[in-house]
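Below is one structure, written out as structure tokens, with a few remarks after it.
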Amino acid sequence: MSGHSHWATIKRKKGAGDAKRGQMFTKLSKEVTLAAREGGDPNTNFKLRLAIDKARANNMPKDSIDRAIKRGTGESKDGVSFDDVMYEGYGPKGVAFMIECLTENRNRTVADVRHVLSRAGGNLGESGSVAWQFNRKSYFLLTGDDLDFDQIFELAAESGADDVEQSEDGIEIFAEVENYKTISDALFKAGLHVEEAELRMIPNQEVELPVEDTLQVLRVADLLDELDDVQHVYHNMSISDEALAALESDN
């Protein structure tokens, strides 16, 4: 899965401009607001804790997070009612996609997602047509110059992690959903810098494609990710070092 994380890192670097950062903050704010509808205390509301962790990891200002929480709890009256929707489909070369959205207008969102997939030669599927190929997992990415892999491996394993990997971007931790809070608390207590903390859809099996085909699929993933209502795009394609190098040299 390290290729997926490095792909995300490249996207963040290329989207570091004000407009892209503003779009990212808007998406994070929607996620915090939706989660806060179930309660404004992150110690008792797991979804809110997750959304806040992700917002902080992406350097979202504290006052923006606080405003998003108040919109969700009803303390602020300028909130919009969002629905959490997962769309399933296939992109180019038969690659499976899971597309997580937050929207106040399902008709608009499904039309936008269908349009992107159809133009790329793919299609939107029925519920369940793709989901069986993925599992939801807790995911953490730790970064820093002085990371001790053995120490982090031991800490993560004791907290319930399934796997710990060293990647080009840092140290990645994978775990079952129910172990998210335990691992998050342990990492925070140890004073480690968590770059990413979220629940991800992890493919059960990845498909391998030539570099050009891989880049074509990633361009479709980027187009989906740029839609205002799309929060996350997951796929079951492996991303080779050659494809990553081509992607990094692009633009």
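Residue numbering restarts at 1 in every chain; chains get A, B, ... in the order shown in the structure tokens, and ligands count up from 1 in that same order.
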
All strand (DSSP E) positions in segment 82-219 of chain A, as a short mmCIF file (atom, residue, chain, number, x, y, z; two decimals) with N, CA and C atoms, in the first residue's frame:
data_model
loop_
_atom_site.label_atom_id
_atom_site.label_comp_id
_atom_site.auth_asym_id
_atom_site.auth_seq_id
_atom_site.Cartn_x
_atom_site.Cartn_y
_atom_site.Cartn_z
N ASP A 83 -25.10 14.51 3.65
CA ASP A 83 -25.24 13.06 3.68
C ASP A 83 -23.91 12.43 3.34
N ASP A 84 -23.59 11.33 4.03
CA ASP A 84 -22.38 10.56 3.77
C ASP A 84 -22.75 9.43 2.81
N VAL A 85 -22.19 9.46 1.60
CA VAL A 85 -22.55 8.49 0.57
C VAL A 85 -21.30 7.86 -0.02
N MET A 86 -21.34 6.54 -0.24
CA MET A 86 -20.24 5.84 -0.89
C MET A 86 -20.73 5.32 -2.24
N TYR A 87 -20.08 5.77 -3.31
CA TYR A 87 -20.40 5.29 -4.65
C TYR A 87 -19.37 4.26 -5.09
N GLU A 88 -19.81 3.29 -5.87
CA GLU A 88 -18.95 2.21 -6.33
C GLU A 88 -18.98 2.15 -7.85
N GLY A 89 -17.84 1.83 -8.45
CA GLY A 89 -17.81 1.75 -9.90
C GLY A 89 -16.48 1.27 -10.42
N TYR A 90 -16.36 1.34 -11.73
CA TYR A 90 -15.13 0.90 -12.39
C TYR A 90 -14.61 2.01 -13.30
N ALA A 96 -11.26 -1.07 -10.00
CA ALA A 96 -12.39 -0.83 -9.10
C ALA A 96 -12.19 0.45 -8.31
N PHE A 97 -13.26 1.24 -8.18
CA PHE A 97 -13.22 2.50 -7.44
C PHE A 97 -14.28 2.50 -6.34
N MET A 98 -13.89 3.01 -5.18
CA MET A 98 -14.82 3.35 -4.10
C MET A 98 -14.68 4.85 -3.90
N ILE A 99 -15.80 5.58 -4.00
CA ILE A 99 -15.76 7.04 -3.99
C ILE A 99 -16.64 7.55 -2.85
N GLU A 100 -15.99 8.07 -1.81
CA GLU A 100 -16.69 8.53 -0.61
C GLU A 100 -17.03 10.01 -0.74
N CYS A 101 -18.31 10.34 -0.52
CA CYS A 101 -18.76 11.72 -0.73
C CYS A 101 -19.52 12.24 0.49
N LEU A 102 -19.48 13.56 0.64
CA LEU A 102 -20.34 14.28 1.57
C LEU A 102 -21.10 15.31 0.75
N THR A 103 -22.41 15.23 0.75
CA THR A 103 -23.17 16.08 -0.15
C THR A 103 -24.49 16.51 0.46
N ASN A 123 -17.75 2.99 -15.52
CA ASN A 123 -19.18 3.07 -15.22
C ASN A 123 -19.42 3.05 -13.73
N LEU A 124 -20.55 3.61 -13.35
CA LEU A 124 -20.99 3.61 -11.95
C LEU A 124 -21.74 2.31 -11.70
N PHE A 134 -12.91 -4.64 -1.01
CA PHE A 134 -12.20 -3.76 -0.09
C PHE A 134 -12.56 -4.09 1.36
N ASN A 135 -11.68 -3.70 2.27
CA ASN A 135 -11.93 -3.75 3.70
C ASN A 135 -11.59 -2.39 4.30
N ARG A 136 -12.39 -1.94 5.25
CA ARG A 136 -12.10 -0.67 5.92
C ARG A 136 -11.10 -0.92 7.04
N LYS A 137 -10.03 -0.11 7.06
CA LYS A 137 -8.97 -0.27 8.04
C LYS A 137 -8.58 1.07 8.65
N SER A 138 -8.04 1.03 9.87
CA SER A 138 -7.40 2.21 10.45
C SER A 138 -6.04 2.38 9.81
N TYR A 139 -5.69 3.64 9.53
CA TYR A 139 -4.40 3.90 8.87
C TYR A 139 -3.74 5.11 9.52
N PHE A 140 -2.43 4.98 9.77
CA PHE A 140 -1.63 6.08 10.32
C PHE A 140 -0.34 6.19 9.53
N LEU A 141 0.07 7.42 9.25
CA LEU A 141 1.38 7.67 8.64
C LEU A 141 2.16 8.57 9.58
N LEU A 142 3.32 8.09 10.01
CA LEU A 142 4.20 8.84 10.91
C LEU A 142 5.38 9.36 10.11
N ALA A 161 -2.12 -3.08 16.36
CA ALA A 161 -1.89 -2.94 14.91
C ALA A 161 -1.76 -4.30 14.24
N ASP A 162 -2.20 -4.37 12.99
CA ASP A 162 -2.06 -5.59 12.20
C ASP A 162 -0.75 -5.60 11.42
N ASP A 163 -0.29 -4.42 11.01
CA ASP A 163 0.90 -4.35 10.16
C ASP A 163 1.56 -2.99 10.33
N VAL A 164 2.89 -2.97 10.27
CA VAL A 164 3.67 -1.74 10.33
C VAL A 164 4.70 -1.81 9.20
N GLU A 165 4.75 -0.79 8.35
CA GLU A 165 5.63 -0.81 7.20
C GLU A 165 6.47 0.46 7.13
N GLN A 166 7.70 0.31 6.69
CA GLN A 166 8.58 1.46 6.41
C GLN A 166 8.40 1.82 4.95
N SER A 167 8.06 3.06 4.66
CA SER A 167 7.89 3.50 3.27
C SER A 167 8.73 4.74 3.03
N GLY A 170 7.52 7.59 5.28
CA GLY A 170 7.57 7.48 6.73
C GLY A 170 7.25 6.06 7.17
N ILE A 171 6.58 5.93 8.30
CA ILE A 171 6.19 4.63 8.81
C ILE A 171 4.67 4.54 8.79
N GLU A 172 4.16 3.50 8.17
CA GLU A 172 2.73 3.31 8.02
C GLU A 172 2.24 2.22 8.98
N ILE A 173 1.09 2.48 9.60
CA ILE A 173 0.49 1.52 10.52
C ILE A 173 -0.92 1.19 10.04
N PHE A 174 -1.23 -0.10 9.99
CA PHE A 174 -2.56 -0.57 9.59
C PHE A 174 -3.17 -1.36 10.74
N ALA A 175 -4.47 -1.19 10.96
CA ALA A 175 -5.13 -1.88 12.06
C ALA A 175 -6.62 -2.01 11.78
N VAL A 194 2.07 12.47 13.77
CA VAL A 194 1.19 11.71 12.90
C VAL A 194 0.79 12.59 11.73
N GLU A 195 1.28 12.26 10.56
CA GLU A 195 0.99 13.03 9.34
C GLU A 195 -0.42 12.75 8.84
N GLU A 196 -0.85 11.49 8.94
CA GLU A 196 -2.19 11.10 8.50
C GLU A 196 -2.77 10.12 9.50
N ALA A 197 -4.06 10.28 9.79
CA ALA A 197 -4.77 9.36 10.68
C ALA A 197 -6.20 9.28 10.18
N GLU A 198 -6.60 8.12 9.67
CA GLU A 198 -7.92 8.02 9.08
C GLU A 198 -8.33 6.57 8.92
N LEU A 199 -9.59 6.38 8.52
CA LEU A 199 -10.07 5.07 8.11
C LEU A 199 -10.01 5.03 6.59
N ARG A 200 -9.44 3.96 6.05
CA ARG A 200 -9.29 3.82 4.61
C ARG A 200 -9.95 2.53 4.12
N MET A 201 -10.34 2.56 2.85
CA MET A 201 -10.79 1.35 2.18
C MET A 201 -9.55 0.72 1.54
N ILE A 202 -9.14 -0.43 2.05
CA ILE A 202 -7.94 -1.11 1.58
C ILE A 202 -8.35 -2.26 0.67
N PRO A 203 -7.82 -2.32 -0.57
CA PRO A 203 -8.21 -3.42 -1.47
C PRO A 203 -7.69 -4.77 -0.97
#

In Å, rounded to a single decimal, give me how far atom CA of Ser238 of chain A is from atom CA of Ile183 of chain A.
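Distance between the two atoms: 26.5 Å.
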
Could you pull out the helix (DSSP H, G or I) residues of segment 12-238 of chain A from DSSP and send them as a short mmCIF file (atom, residue, chain, number, x, y, z; two decimals) with C-alpha atoms, in the first residue's frame?
data_model
loop_
_atom_site.label_atom_id
_atom_site.label_comp_id
_atom_site.auth_asym_id
_atom_site.auth_seq_id
_atom_site.Cartn_x
_atom_site.Cartn_y
_atom_site.Cartn_z
CA ARG A 12 -0.49 17.14 -1.67
CA LYS A 13 2.78 18.68 -2.85
CA LYS A 14 1.33 19.59 -6.24
CA ASP A 18 -4.00 28.52 -1.87
CA ALA A 19 -6.90 27.36 -4.07
CA LYS A 20 -6.15 23.67 -3.59
CA ARG A 21 -5.55 24.12 0.12
CA GLY A 22 -8.84 26.00 0.43
CA GLN A 23 -10.66 23.16 -1.31
CA MET A 24 -9.05 20.65 1.03
CA PHE A 25 -10.07 22.68 4.11
CA THR A 26 -13.64 22.85 2.79
CA LYS A 27 -13.77 19.06 2.51
CA LEU A 28 -12.25 18.59 5.97
CA SER A 29 -14.69 21.10 7.44
CA LYS A 30 -17.66 19.20 5.98
CA GLU A 31 -16.36 15.98 7.48
CA VAL A 32 -15.98 17.55 10.95
CA THR A 33 -19.47 19.09 10.72
CA LEU A 34 -21.09 15.80 9.75
CA ALA A 35 -19.33 13.94 12.57
CA ALA A 36 -20.26 16.60 15.15
CA PHE A 46 -15.26 8.40 17.58
CA LYS A 47 -16.20 9.86 14.18
CA LEU A 48 -15.50 13.39 15.41
CA ARG A 49 -12.16 12.33 16.89
CA LEU A 50 -11.23 10.84 13.53
CA ALA A 51 -12.28 13.95 11.58
CA ILE A 52 -10.41 16.30 13.93
CA ASP A 53 -7.26 14.16 13.76
CA LYS A 54 -7.36 14.31 9.98
CA ALA A 55 -7.96 18.07 9.94
CA ARG A 56 -5.06 18.68 12.33
CA ALA A 57 -2.78 16.39 10.29
CA LYS A 62 -8.05 25.37 15.11
CA ASP A 63 -10.69 28.10 14.80
CA SER A 64 -11.88 26.57 11.51
CA ILE A 65 -12.22 23.18 13.21
CA ASP A 66 -14.13 24.76 16.11
CA ARG A 67 -16.54 26.52 13.72
CA ALA A 68 -17.16 23.26 11.87
CA ILE A 69 -17.95 21.49 15.16
CA LYS A 70 -20.42 24.22 16.16
CA ARG A 71 -22.17 23.94 12.79
CA GLY A 72 -22.59 20.22 13.37
CA THR A 73 -23.84 20.50 16.97
CA PRO A 92 -10.32 2.53 -17.11
CA LYS A 93 -8.80 -0.97 -17.48
CA GLY A 94 -11.42 -2.40 -15.14
CA ARG A 106 -27.24 13.51 -4.00
CA ASN A 107 -28.61 13.98 -7.52
CA ARG A 108 -25.86 16.46 -8.39
CA THR A 109 -23.13 14.36 -6.83
CA VAL A 110 -24.06 11.07 -8.49
CA ALA A 111 -24.34 12.84 -11.84
CA ASP A 112 -20.86 14.37 -11.43
CA VAL A 113 -19.29 11.05 -10.42
CA ARG A 114 -21.02 9.15 -13.24
CA HIS A 115 -19.87 11.77 -15.75
CA VAL A 116 -16.19 11.43 -14.79
CA LEU A 117 -16.27 7.62 -14.87
CA SER A 118 -18.24 7.45 -18.14
CA ARG A 119 -15.93 9.85 -19.96
CA ALA A 131 -17.33 -3.03 -1.98
CA TRP A 132 -16.62 -6.76 -1.57
CA GLN A 133 -13.14 -6.10 -2.98
CA PHE A 149 11.06 1.74 13.42
CA ASP A 150 11.59 -0.97 16.05
CA GLN A 151 10.23 1.26 18.82
CA ILE A 152 7.18 2.26 16.77
CA PHE A 153 6.61 -1.34 15.66
CA GLU A 154 6.53 -2.49 19.29
CA LEU A 155 4.26 0.38 20.35
CA ALA A 156 1.85 -0.23 17.46
CA ALA A 157 1.78 -3.99 17.94
CA GLU A 158 1.02 -3.64 21.65
CA VAL A 177 -11.24 -0.09 12.78
CA GLU A 178 -11.98 -0.83 16.44
CA ASN A 179 -8.31 -0.31 17.36
CA TYR A 180 -8.10 3.21 15.95
CA LYS A 181 -8.55 5.06 19.24
CA THR A 182 -6.13 2.83 21.18
CA ILE A 183 -3.36 3.31 18.61
CA SER A 184 -4.09 7.02 18.19
CA ASP A 185 -3.87 7.55 21.96
CA ALA A 186 -0.59 5.59 22.16
CA LEU A 187 1.01 7.57 19.33
CA PHE A 188 -0.12 10.87 20.86
CA LYS A 189 1.17 9.90 24.31
CA VAL A 211 2.95 2.64 -16.46
CA GLU A 212 0.88 4.50 -19.07
CA ASP A 213 -2.29 2.69 -18.05
CA THR A 214 -1.53 3.38 -14.38
CA LEU A 215 -1.16 7.10 -15.10
CA GLN A 216 -4.45 7.09 -17.03
CA VAL A 217 -6.27 5.58 -14.05
CA LEU A 218 -4.62 8.03 -11.63
CA ARG A 219 -5.74 10.96 -13.80
CA VAL A 220 -9.32 9.72 -13.43
CA ALA A 221 -8.81 9.38 -9.66
CA ASP A 222 -7.58 12.98 -9.58
CA LEU A 223 -10.61 14.19 -11.57
CA LEU A 224 -12.92 12.47 -9.09
CA ASP A 225 -10.98 13.88 -6.15
#

Tell me, in Å to one decimal, how far atom CA of Asp228 of chain A is from atom CA of Asn45 of chain A.
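These atoms are spaced 25.6 Å apart.
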